[in-house]
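Trainee: Next comes run.cif, mmCIF, C-alpha atoms:
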```cif
data_run
#
loop_
_atom_site.label_atom_id
_atom_site.label_comp_id
_atom_site.auth_asym_id
_atom_site.auth_seq_id
_atom_site.Cartn_x
_atom_site.Cartn_y
_atom_site.Cartn_z
CA MET V 1 0.00 0.00 0.00
CA SER V 2 1.58 3.31 -1.09
CA HIS V 3 1.52 6.00 1.56
CA SER V 4 1.36 9.72 0.77
CA THR V 5 3.85 12.19 2.18
CA ASP V 6 1.20 14.45 3.72
CA PRO V 7 2.54 15.35 7.21
CA VAL V 8 -0.89 15.10 8.88
CA GLU V 9 -1.49 11.66 7.40
CA GLU V 10 1.99 10.58 8.51
CA ARG V 11 1.30 11.76 12.05
CA LEU V 12 -1.97 9.84 12.03
CA ARG V 13 -0.21 6.68 10.86
CA SER V 14 2.39 7.01 13.57
CA LEU V 15 -0.42 6.68 16.15
CA GLY V 16 -0.97 3.16 14.95
CA SER V 17 2.65 2.01 15.00
CA GLN V 18 3.65 2.58 18.61
CA SER V 19 5.22 -0.51 20.07
CA ILE V 20 3.47 -2.51 22.74
CA ASP V 21 4.99 -2.88 26.18
CA PRO V 22 6.50 -6.42 26.45
CA GLU V 23 4.64 -7.15 29.69
CA THR V 24 1.37 -6.05 28.14
CA ARG V 25 2.10 -8.17 25.07
CA ALA V 26 2.82 -11.23 27.22
CA ALA V 27 -0.34 -10.72 29.26
CA HIS V 28 -2.47 -10.28 26.14
CA LEU V 29 -1.06 -13.38 24.50
CA ARG V 30 -1.52 -15.44 27.67
CA ARG V 31 -5.18 -14.47 27.80
CA ALA V 32 -5.69 -15.07 24.11
CA GLU V 33 -3.89 -18.42 23.99
CA ALA V 34 -6.05 -19.67 26.85
CA VAL V 35 -9.12 -19.52 24.63
CA VAL V 36 -7.60 -20.95 21.45
CA PRO V 37 -9.84 -23.88 20.50
CA ILE V 38 -8.07 -27.22 20.25
CA PRO V 39 -7.99 -28.22 16.58
CA PRO V 40 -9.73 -31.52 15.84
CA THR V 41 -6.50 -33.16 14.68
CA ARG V 42 -5.03 -32.74 18.16
CA ARG V 43 -7.74 -34.78 19.82
CA ARG V 44 -6.57 -38.24 20.61
CA PHE V 45 -10.00 -39.81 20.15
CA GLY V 46 -12.66 -38.45 17.83
CA PRO V 47 -16.39 -38.96 18.31
CA MET V 48 -16.43 -41.91 15.92
CA ALA V 49 -13.68 -43.68 17.87
CA ILE V 50 -15.56 -43.11 21.12
CA ALA V 51 -18.79 -44.46 19.63
CA ALA V 52 -16.99 -47.50 18.21
CA ALA V 53 -15.36 -48.20 21.57
CA ALA V 54 -18.74 -47.97 23.28
CA VAL V 55 -20.27 -50.45 20.83
CA VAL V 56 -17.36 -52.88 21.18
CA GLY V 57 -17.53 -52.61 24.96
CA PHE V 58 -21.26 -53.24 24.97
CA LEU V 59 -20.93 -56.28 22.72
CA ALA V 60 -18.06 -57.71 24.76
CA GLY V 61 -19.96 -57.21 27.99
CA SER V 62 -23.11 -58.76 26.58
CA ALA V 63 -21.20 -61.73 25.21
CA GLY V 64 -19.56 -62.25 28.58
CA LEU V 65 -22.85 -62.19 30.41
CA ALA V 66 -24.41 -64.44 27.81
CA SER V 67 -21.63 -67.02 28.07
CA ALA V 68 -22.11 -67.01 31.83
CA GLY V 69 -25.84 -67.51 31.35
CA ALA V 70 -26.45 -64.40 33.43
CA LEU V 71 -28.72 -62.56 31.04
CA PRO V 72 -32.50 -62.48 31.47
CA ASP V 73 -34.16 -65.43 29.75
CA PRO V 74 -35.38 -63.65 26.60
CA ALA V 75 -32.01 -61.93 26.11
CA GLN V 76 -30.22 -65.20 26.84
CA ASN V 77 -32.27 -66.95 24.18
CA VAL V 78 -31.47 -64.22 21.65
CA ALA V 79 -27.77 -64.42 22.52
CA HIS V 80 -27.91 -68.21 22.17
CA ASP V 81 -29.45 -67.93 18.72
CA VAL V 82 -27.23 -65.10 17.47
CA LEU V 83 -23.94 -66.43 18.79
CA GLY V 84 -24.86 -69.94 17.67
CA VAL V 85 -24.67 -68.65 14.11
CA VAL V 86 -20.99 -67.90 14.58
CA LYS V 87 -20.42 -71.22 16.38
CA VAL V 88 -20.08 -69.69 19.84
CA GLU V 89 -21.60 -71.91 22.48
CA VAL V 90 -23.82 -69.97 24.84
CA PRO V 91 -26.35 -71.56 27.19
CA GLU V 92 -29.96 -71.21 26.24
CA GLY V 93 -32.27 -69.20 28.46
CA GLY V 94 -35.00 -71.04 30.37
CA ASN V 95 -38.63 -70.11 30.74
CA ARG V 96 -38.46 -69.47 34.45
CA GLY V 97 -40.11 -66.09 34.09
CA ALA V 98 -43.27 -67.47 32.52
CA CYS V 99 -43.29 -70.42 34.91
CA VAL V 100 -43.01 -68.20 37.99
CA ALA V 101 -45.67 -65.85 36.67
CA GLN V 102 -48.04 -68.72 36.19
CA ALA V 103 -47.28 -70.15 39.62
CA ALA V 104 -47.94 -66.75 41.19
CA LYS V 105 -51.52 -66.96 39.98
CA LEU V 106 -52.25 -69.82 42.34
CA ASP V 107 -54.35 -68.95 45.35
CA ASP V 108 -53.18 -71.65 47.64
CA LYS V 109 -50.02 -70.60 49.42
CA GLU V 110 -48.45 -74.03 49.62
CA ALA V 111 -49.26 -74.80 46.04
CA LYS V 112 -47.81 -71.47 44.99
CA GLN V 113 -44.54 -72.05 46.82
CA ALA V 114 -44.23 -75.55 45.49
CA ALA V 115 -44.92 -74.35 41.96
CA LYS V 116 -42.30 -71.61 42.21
CA ALA V 117 -39.73 -73.98 43.63
CA ALA V 118 -40.35 -76.34 40.78
CA CYS V 119 -39.67 -73.67 38.14
CA PRO V 120 -36.36 -74.05 36.29
CA LYS V 121 -33.50 -71.96 37.61
CA GLY V 122 -30.98 -70.17 35.37
CA GLY V 123 -29.85 -71.62 32.10
CA ASP V 124 -29.45 -75.20 33.29
CA ALA V 125 -33.14 -75.97 33.52
CA THR V 126 -33.90 -76.07 29.86
CA ASP V 127 -34.58 -79.77 29.91
CA ASP V 128 -37.37 -79.51 32.43
CA ASP V 129 -40.22 -78.72 30.13
CA GLN V 130 -38.97 -78.59 26.61
CA ASP V 131 -37.35 -81.88 25.79
CA GLY V 132 -40.15 -84.15 26.84
CA ASP V 133 -37.76 -86.80 28.04
CA ASP V 134 -38.47 -86.19 31.68
CA THR V 135 -40.43 -89.24 32.54
CA THR V 136 -41.91 -87.93 35.75
CA ASP V 137 -43.39 -84.94 33.98
CA THR V 138 -44.83 -86.71 31.02
CA THR V 139 -46.77 -89.12 33.13
CA ASP V 140 -48.97 -86.47 34.62
CA ASP V 141 -48.73 -83.10 32.91
CA THR V 142 -50.51 -84.17 29.82
CA THR V 143 -53.41 -81.80 29.71
CA GLU V 144 -53.43 -80.02 33.00
CA SER V 145 -52.35 -76.48 33.58
CA PRO V 146 -50.75 -75.63 36.94
CA GLY V 147 -53.08 -75.36 39.84
CA LYS V 148 -56.13 -76.92 38.31
CA SER V 149 -55.66 -80.21 40.07
CA GLY V 150 -53.56 -78.88 42.85
CA GLU V 151 -50.31 -79.92 41.23
CA ALA V 152 -47.48 -77.51 40.74
CA PRO V 153 -45.68 -77.50 37.40
CA GLY V 154 -43.06 -80.17 37.28
CA GLN V 155 -44.18 -81.71 40.53
CA VAL V 156 -44.72 -85.46 40.64
CA LYS V 157 -48.35 -86.25 41.10
CA HIS V 158 -49.37 -89.07 43.38
CA ALA V 159 -51.71 -90.48 40.90
CA ASP V 160 -52.11 -93.73 42.72
CA ASP V 161 -52.74 -92.21 46.12
CA PRO V 162 -55.29 -89.38 46.48
CA CYS V 163 -54.45 -89.12 50.13
CA ARG V 164 -50.96 -87.81 49.35
CA GLY V 165 -49.81 -84.65 47.62
CA LYS V 166 -51.86 -81.57 46.97
CA PRO V 167 -55.61 -81.90 47.33
CA ALA V 168 -57.53 -81.80 44.13
CA TRP V 169 -59.50 -78.74 45.23
CA SER V 170 -56.49 -76.47 45.61
CA GLY V 171 -56.13 -73.81 42.98
CA PRO V 172 -58.53 -71.37 41.34
CA MET V 173 -62.06 -72.67 40.87
CA SER V 174 -65.59 -71.83 41.80
CA LYS V 175 -67.02 -72.64 45.20
CA GLU V 176 -69.30 -75.25 43.69
CA GLU V 177 -66.40 -76.97 42.01
CA ARG V 178 -64.33 -76.91 45.16
CA ALA V 179 -67.18 -78.34 47.23
CA ALA V 180 -67.74 -81.06 44.66
CA LEU V 181 -64.08 -81.99 44.60
CA LYS V 182 -63.85 -81.99 48.38
CA GLU V 183 -66.78 -84.27 48.52
CA GLN V 184 -65.31 -86.47 45.82
CA PHE V 185 -61.83 -86.62 47.36
CA ASP V 186 -62.81 -86.56 50.95
CA ARG V 187 -59.58 -87.10 52.83
CA SER V 188 -61.32 -87.95 56.01
CA ALA V 189 -61.34 -91.42 54.60
CA CYS V 190 -57.61 -91.38 54.16
CA THR V 191 -56.72 -93.55 57.05
CA GLY V 192 -54.78 -96.02 55.05
CA ASP V 193 -57.55 -96.90 52.67
CA THR V 194 -56.43 -96.15 49.12
CA ASP V 195 -59.19 -97.73 47.12
CA ASP V 196 -60.26 -94.66 45.23
CA THR V 197 -57.06 -94.23 43.30
CA ASP V 198 -58.82 -94.51 39.98
CA ASP V 199 -60.85 -91.41 40.62
CA THR V 200 -57.95 -89.05 40.47
CA ASP V 201 -57.34 -89.18 36.75
CA THR V 202 -60.91 -89.01 35.71
CA ASP V 203 -61.70 -86.20 38.08
CA ASP V 204 -58.74 -84.18 36.97
CA THR V 205 -60.06 -84.07 33.48
CA ASP V 206 -63.46 -83.06 34.81
CA SER V 207 -61.97 -80.12 36.62
CA ASP V 208 -60.41 -78.95 33.39
CA ASP V 209 -63.75 -78.84 31.68
CA THR V 210 -65.44 -76.78 34.32
CA ASP V 211 -62.67 -74.35 35.05
CA THR V 212 -63.27 -71.87 32.29
CA GLY V 213 -65.78 -69.90 34.35
CA GLY V 214 -63.10 -69.51 36.95
CA MET B 1 1.27 -12.45 4.28
CA VAL B 2 -0.89 -15.53 3.59
CA TRP B 3 -2.18 -17.55 6.51
CA ASP B 4 -2.13 -21.28 6.05
CA ASP B 5 -2.89 -24.14 8.40
CA ARG B 6 0.11 -23.64 10.65
CA ASP B 7 -0.17 -23.83 14.39
CA VAL B 8 -2.87 -21.44 15.60
CA THR B 9 -0.84 -20.24 18.57
CA PHE B 10 2.06 -19.36 16.32
CA ARG B 11 -0.29 -17.53 13.99
CA LEU B 12 -1.85 -15.69 16.92
CA GLU B 13 1.51 -14.30 17.98
CA ALA B 14 2.28 -13.21 14.44
CA VAL B 15 -1.11 -11.55 14.08
CA TYR B 16 -0.69 -9.83 17.43
CA ASP B 17 2.75 -8.47 16.58
CA GLU B 18 1.48 -7.28 13.22
CA LEU B 19 -1.75 -5.60 14.32
CA ALA B 20 -1.74 -4.93 18.07
CA PRO B 21 -0.04 -1.50 17.80
CA ALA B 22 -2.63 -0.31 15.32
CA VAL B 23 -5.50 -1.78 17.35
CA THR B 24 -4.26 -0.05 20.50
CA GLY B 25 -3.83 3.20 18.56
CA TYR B 26 -7.36 2.84 17.20
CA PHE B 27 -8.82 2.54 20.72
CA ARG B 28 -6.60 5.31 22.05
CA THR B 29 -7.64 7.82 19.40
CA ARG B 30 -11.30 6.84 19.55
CA GLY B 31 -11.59 7.59 23.25
CA ALA B 32 -11.72 4.11 24.78
CA ALA B 33 -11.49 4.11 28.58
CA ASP B 34 -8.62 1.58 28.62
CA PRO B 35 -7.10 1.18 25.14
CA GLU B 36 -4.70 -1.61 26.11
CA ALA B 37 -7.36 -3.68 27.86
CA SER B 38 -9.68 -3.23 24.87
CA CYS B 39 -6.87 -4.38 22.59
CA GLY B 40 -6.43 -7.48 24.76
CA ASP B 41 -10.16 -8.20 24.51
CA VAL B 42 -10.01 -7.96 20.72
CA PHE B 43 -7.24 -10.55 20.54
CA VAL B 44 -9.16 -12.88 22.83
CA ASP B 45 -11.97 -12.74 20.24
CA VAL B 46 -9.44 -13.22 17.46
CA ALA B 47 -7.93 -16.24 19.20
CA ARG B 48 -11.33 -17.89 19.55
CA ARG B 49 -12.00 -17.73 15.82
CA LEU B 50 -8.58 -17.61 14.22
CA ASP B 51 -8.67 -21.30 13.25
CA THR B 52 -11.73 -20.64 11.10
CA PHE B 53 -10.31 -17.56 9.39
CA ARG B 54 -9.39 -17.94 5.73
CA GLY B 55 -7.95 -15.08 3.73
CA ASP B 56 -4.93 -12.94 3.01
CA ALA B 57 -3.28 -10.25 5.14
CA ALA B 58 -5.65 -7.51 3.93
CA ALA B 59 -8.68 -9.62 4.81
CA LEU B 60 -7.17 -10.41 8.21
CA ARG B 61 -6.60 -6.73 8.94
CA ARG B 62 -10.17 -5.90 7.91
CA TRP B 63 -11.50 -8.78 10.07
CA VAL B 64 -9.54 -7.73 13.16
CA PHE B 65 -10.61 -4.09 12.86
CA THR B 66 -14.22 -5.12 12.35
CA ILE B 67 -13.99 -6.87 15.72
CA ALA B 68 -12.32 -3.80 17.23
CA HIS B 69 -14.93 -1.44 15.78
CA ASN B 70 -17.84 -3.52 17.09
CA ARG B 71 -16.25 -3.70 20.51
CA LEU B 72 -15.73 0.06 20.60
CA VAL B 73 -19.35 0.71 19.57
CA ASP B 74 -20.52 -1.56 22.40
CA GLU B 75 -18.24 0.20 24.88
CA LEU B 76 -19.38 3.68 23.87
CA ARG B 77 -23.04 2.64 24.03
CA SER B 78 -22.73 1.13 27.49
CA ALA B 79 -20.83 4.24 28.67
CA ALA B 80 -23.64 6.43 27.32
CA ARG B 81 -26.24 4.30 29.14
CA GLN B 82 -24.33 4.63 32.39
CA ARG B 83 -24.25 8.39 31.98
CA GLU B 84 -28.01 8.40 31.44
CA VAL B 85 -28.59 6.49 34.68
CA VAL B 86 -26.24 8.62 36.77
CA THR B 87 -27.22 12.04 35.43
CA ASP B 88 -25.04 14.04 37.81
CA ALA B 89 -21.86 12.37 36.65
CA PRO B 90 -19.76 14.34 34.17
CA PRO B 91 -18.98 12.70 30.81
CA GLU B 92 -16.15 10.24 31.06
CA VAL B 93 -12.86 11.41 29.66
CA ALA B 94 -10.66 8.73 28.19
CA ALA B 95 -7.83 7.91 30.49
CA HIS B 96 -4.63 8.46 28.60
CA ASP B 97 -1.96 5.94 29.42
CA ASP B 98 1.72 6.48 29.86
CA VAL B 99 2.61 5.96 26.22
CA ALA B 100 3.96 9.10 24.60
CA VAL B 101 1.28 10.14 22.15
CA ASP B 102 0.93 13.07 19.81
CA ARG B 103 -1.32 15.07 22.17
CA ASP B 104 -1.96 17.90 19.71
CA LEU B 105 -3.10 15.45 17.09
CA VAL B 106 -5.30 13.51 19.49
CA ASP B 107 -6.90 16.74 20.75
CA ALA B 108 -7.48 17.90 17.16
CA LEU B 109 -9.10 14.55 16.36
CA ASP B 110 -11.42 14.94 19.34
CA ALA B 111 -12.71 18.16 17.82
CA LEU B 112 -13.91 16.43 14.62
CA THR B 113 -17.35 14.95 14.12
CA ASP B 114 -17.67 11.35 15.20
CA GLU B 115 -17.98 10.09 11.61
CA GLN B 116 -14.95 12.08 10.42
CA ARG B 117 -12.88 10.86 13.32
CA GLU B 118 -13.91 7.23 12.74
CA VAL B 119 -13.04 7.43 9.04
CA LEU B 120 -9.65 9.06 9.63
CA VAL B 121 -8.68 6.62 12.38
CA LEU B 122 -9.68 3.54 10.39
CA ARG B 123 -8.13 4.94 7.24
CA PHE B 124 -4.74 6.01 8.64
CA VAL B 125 -4.23 4.58 12.14
CA ALA B 126 -5.62 1.18 11.18
CA ASP B 127 -4.17 1.58 7.69
CA LEU B 128 -7.24 0.26 5.92
CA PRO B 129 -8.16 1.09 2.31
CA ILE B 130 -11.27 3.16 1.63
CA ARG B 131 -13.17 0.08 0.44
CA ASP B 132 -12.61 -1.72 3.76
CA VAL B 133 -13.44 1.38 5.83
CA ALA B 134 -16.70 1.69 3.91
CA GLU B 135 -17.49 -1.98 4.57
CA ILE B 136 -16.81 -1.74 8.30
CA LEU B 137 -18.87 1.44 8.70
CA GLY B 138 -21.65 0.31 6.37
CA LYS B 139 -21.19 3.32 4.12
CA ARG B 140 -20.51 3.82 0.43
CA SER B 141 -16.95 4.47 -0.67
CA GLY B 142 -17.89 7.92 -1.97
CA ALA B 143 -19.24 8.95 1.42
CA VAL B 144 -16.08 7.69 3.11
CA LYS B 145 -13.90 9.65 0.69
CA MET B 146 -15.86 12.80 1.43
CA LEU B 147 -15.67 12.32 5.19
CA GLN B 148 -11.93 11.70 4.88
CA ALA B 149 -11.34 14.83 2.82
CA ARG B 150 -13.36 17.07 5.13
CA GLY B 151 -11.83 15.54 8.21
CA LEU B 152 -8.29 16.05 6.94
CA ASP B 153 -9.04 19.64 6.04
CA GLU B 154 -10.44 20.28 9.50
CA LEU B 155 -7.50 18.56 11.13
CA ARG B 156 -4.95 20.58 9.13
CA ALA B 157 -6.70 23.79 10.03
CA ARG B 158 -6.76 22.96 13.72
CA LEU B 159 -3.14 21.81 13.79
CA SER B 160 -1.96 24.92 11.92
CA ASP B 161 -3.91 27.10 14.35
CA GLY B 162 -2.29 25.41 17.29
CA ALA B 163 1.19 25.51 15.84
#
```
Kindly present the structure from the file in structure tokens form.
Mentor:
Amino acid sequence: MSHSTDPVEERLRSLGSQSIDPETRAAHLRRAEAVVPIPPTRRRFGPMAIAAAAVVGFLAGSAGLASAGALPDPAQNVAHDVLGVVKVEVPEGGNRGACVAQAAKLDDKEAKQAAKAACPKGGDATDDDQDGDDTTDTTDDTTESPGKSGEAPGQVKHADDPCRGKPAWSGPMSKEERAALKEQFDRSACTGDTDDTDDTDTDDTDSDDTDTGG
Amino acid sequence: MVWDDRDVTFRLEAVYDELAPAVTGYFRTRGAADPEASCGDVFVDVARRLDTFRGDAAALRRWVFTIAHNRLVDELRSAARQREVVTDAPPEVAAHDDVAVDRDLVDALDALTDEQREVLVLRFVADLPIRDVAEILGKRSGAVKMLQARGLDELRARLSDGA
């Protein structure tokens, strides 16, 4: 930029060229450098790297929990299916949640506790209800739902002895049904006489038919 | 001087050394209460946004003095508001620091109209071309030229009277 030789203009220009005191300069630069934004290239980890690390951490944690069988049943089942595709052995989740929920519907306290205790625990109970090779279950749990004949899920029924095990009238049913069953399976006669063993099976199926009114 | 993607801190120092004397002179001749502190504030603003600046030395000078001008306008407005609230207080007189300044020239500048003074200071103290002065003040180049000519005439007359 060419400057004129006008003395007034030169005097004006000299007002803008006076040197800054070194201490003032240092103080100004200290203040200014404190607010200089860090350029993105200086950051050790960018947002994408942080997101990727979070995803990897989540997957590793989930896989660890799944291999320990510590996930909730539905999540454990999903992990079993997904990791099975890549040949990673992970225990399958049970159906304890549904079993416990169903047992909780029972009115009778003893029956409820027995039903809950009989529910599969953790991932090692998958054989209880799904495989069908449990001989004790298949003998009795053919058509009954828990509580209708007083039997908890998975519990062995004393089919040959009506005087043992849960009474047939335990569980949700109408008063009329309960009275009829009590009359039918009157345990006052259970003093060693076990003649009415045949009634248990037939009456169980009857209770199923009349239970819908609940 | 072309600014590339070198270290921002290094660039900040270079920008400061290049422009801080003119920025301080701008505040001093425009009646800022503390010209050096105002200059420091300008370079804090510059530091915040220097990494996003793209342009040559002329654009950088225009950018820095736009920041300085806006800061001065804010300062003068807030000073005027304070005077309105405290009506008994006399108008503030800019505190002149210890730096040896051309007192006759500064006093002669104070006697000009505000627009004339602004044009002359941006034009010669800040060393900006007429086009950039017009852009900063939001005026047309012709109006800036006229203000400059009248201001210089007035200044010469006052300085010759005082001599």
Trainee: Counting only C-alpha atoms, collect the residues of chain V whose closest atom lies at most 8 Å from chain B, and write them out as number ranges by chain.
Mentor: V: 8-9, 11-20, 24, 28-29, 31-33, 35-37, 39
Trainee: Applying the PyMOL selection byres ((chain B and resi 130-136) around 12) to the file I just gave you, which residues come out? Please list them as a PDB file with C-alpha atoms, in the frame of the given file.
Mentor:
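Printed below is result12.pdb as written:
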```pdb
ATOM      1  CA  MET V   1       0.000   0.000   0.000  1.00  0.00           C
TER       2      MET V   1
ATOM      3  CA  ALA B  58      -5.650  -7.510   3.930  1.00  0.00           C
ATOM      4  CA  ALA B  59      -8.680  -9.620   4.810  1.00  0.00           C
ATOM      5  CA  LEU B  60      -7.170 -10.410   8.210  1.00  0.00           C
ATOM      6  CA  ARG B  61      -6.600  -6.730   8.940  1.00  0.00           C
ATOM      7  CA  ARG B  62     -10.170  -5.900   7.910  1.00  0.00           C
ATOM      8  CA  TRP B  63     -11.500  -8.780  10.070  1.00  0.00           C
ATOM      9  CA  VAL B  64      -9.540  -7.730  13.160  1.00  0.00           C
ATOM     10  CA  PHE B  65     -10.610  -4.090  12.860  1.00  0.00           C
ATOM     11  CA  THR B  66     -14.220  -5.120  12.350  1.00  0.00           C
ATOM     12  CA  ILE B  67     -13.990  -6.870  15.720  1.00  0.00           C
ATOM     13  CA  ALA B  68     -12.320  -3.800  17.230  1.00  0.00           C
ATOM     14  CA  HIS B  69     -14.930  -1.440  15.780  1.00  0.00           C
ATOM     15  CA  ASN B  70     -17.840  -3.520  17.090  1.00  0.00           C
ATOM     16  CA  VAL B  73     -19.350   0.710  19.570  1.00  0.00           C
ATOM     17  CA  GLU B 115     -17.980  10.090  11.610  1.00  0.00           C
ATOM     18  CA  GLN B 116     -14.950  12.080  10.420  1.00  0.00           C
ATOM     19  CA  GLU B 118     -13.910   7.230  12.740  1.00  0.00           C
ATOM     20  CA  VAL B 119     -13.040   7.430   9.040  1.00  0.00           C
ATOM     21  CA  LEU B 120      -9.650   9.060   9.630  1.00  0.00           C
ATOM     22  CA  VAL B 121      -8.680   6.620  12.380  1.00  0.00           C
ATOM     23  CA  LEU B 122      -9.680   3.540  10.390  1.00  0.00           C
ATOM     24  CA  ARG B 123      -8.130   4.940   7.240  1.00  0.00           C
ATOM     25  CA  PHE B 124      -4.740   6.010   8.640  1.00  0.00           C
ATOM     26  CA  VAL B 125      -4.230   4.580  12.140  1.00  0.00           C
ATOM     27  CA  ALA B 126      -5.620   1.180  11.180  1.00  0.00           C
ATOM     28  CA  ASP B 127      -4.170   1.580   7.690  1.00  0.00           C
ATOM     29  CA  LEU B 128      -7.240   0.260   5.920  1.00  0.00           C
ATOM     30  CA  PRO B 129      -8.160   1.090   2.310  1.00  0.00           C
ATOM     31  CA  LEU B 137     -18.870   1.440   8.700  1.00  0.00           C
ATOM     32  CA  GLY B 138     -21.650   0.310   6.370  1.00  0.00           C
ATOM     33  CA  LYS B 139     -21.190   3.320   4.120  1.00  0.00           C
ATOM     34  CA  ARG B 140     -20.510   3.820   0.430  1.00  0.00           C
ATOM     35  CA  SER B 141     -16.950   4.470  -0.670  1.00  0.00           C
ATOM     36  CA  GLY B 142     -17.890   7.920  -1.970  1.00  0.00           C
ATOM     37  CA  ALA B 143     -19.240   8.950   1.420  1.00  0.00           C
ATOM     38  CA  VAL B 144     -16.080   7.690   3.110  1.00  0.00           C
ATOM     39  CA  LYS B 145     -13.900   9.650   0.690  1.00  0.00           C
ATOM     40  CA  MET B 146     -15.860  12.800   1.430  1.00  0.00           C
ATOM     41  CA  LEU B 147     -15.670  12.320   5.190  1.00  0.00           C
ATOM     42  CA  GLN B 148     -11.930  11.700   4.880  1.00  0.00           C
ATOM     43  CA  ALA B 149     -11.340  14.830   2.820  1.00  0.00           C
TER      44      ALA B 149
END
```
Trainee: Could you pull out every residue with an atom within 10 Å of (-33.7, -63.6, 27.2), file coordinates, counting all atoms listed in the file, and send them as a list in words?
Mentor: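 Collected hits near the coordinates: Ala66, Gly69, Ala70, Leu71, Pro72, Asp73, Pro74, Ala75, Gln76, Asn77, Val78, Ala79, His80, Glu92, Gly93, Gly94, Asn95 and Gly97 of chain V.
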Trainee: Would you kindly translate the PyMOL selection byres ((chain V and resi 181) around 9) into the concrete residues it picks from this file, as an MDAnalysis selection string?
Mentor: chainID V and resid 167:169 176:180 182:186 203 207
Trainee: Got time to write the residues from that selection, C-alpha atoms, as a JSON list (two decimals), in the frame of the given file?
Mentor:
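Full text of out.json as output:
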```json
[["chain", "number", "residue", "atom", "x", "y", "z"],
["V", 167, "PRO", "CA", -55.61, -81.90, 47.33],
["V", 168, "ALA", "CA", -57.53, -81.80, 44.13],
["V", 169, "TRP", "CA", -59.50, -78.74, 45.23],
["V", 176, "GLU", "CA", -69.30, -75.25, 43.69],
["V", 177, "GLU", "CA", -66.40, -76.97, 42.01],
["V", 178, "ARG", "CA", -64.33, -76.91, 45.16],
["V", 179, "ALA", "CA", -67.18, -78.34, 47.23],
["V", 180, "ALA", "CA", -67.74, -81.06, 44.66],
["V", 182, "LYS", "CA", -63.85, -81.99, 48.38],
["V", 183, "GLU", "CA", -66.78, -84.27, 48.52],
["V", 184, "GLN", "CA", -65.31, -86.47, 45.82],
["V", 185, "PHE", "CA", -61.83, -86.62, 47.36],
["V", 186, "ASP", "CA", -62.81, -86.56, 50.95],
["V", 203, "ASP", "CA", -61.70, -86.20, 38.08],
["V", 207, "SER", "CA", -61.97, -80.12, 36.62]]
```
Trainee: Kindly give the distance, in Å, that separates CA of Ala27 in chain V and CA of Ala14 in chain B, rounded to a single decimal.
Mentor: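 Interatomic distance here is 15.3 Å.
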Trainee: Can you tell me how far CA of Ala68 in chain V sits from CA of Ala103 in chain V, in Å to one decimal?
Mentor: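 Here the two named atoms are 26.5 Å from each other.
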Trainee: Quick check, in Å to one decimal: how far apart do CA of Ala26 in chain V and CA of Ser78 in chain B lie?
Mentor: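 Distance between the two atoms: 28.4 Å.
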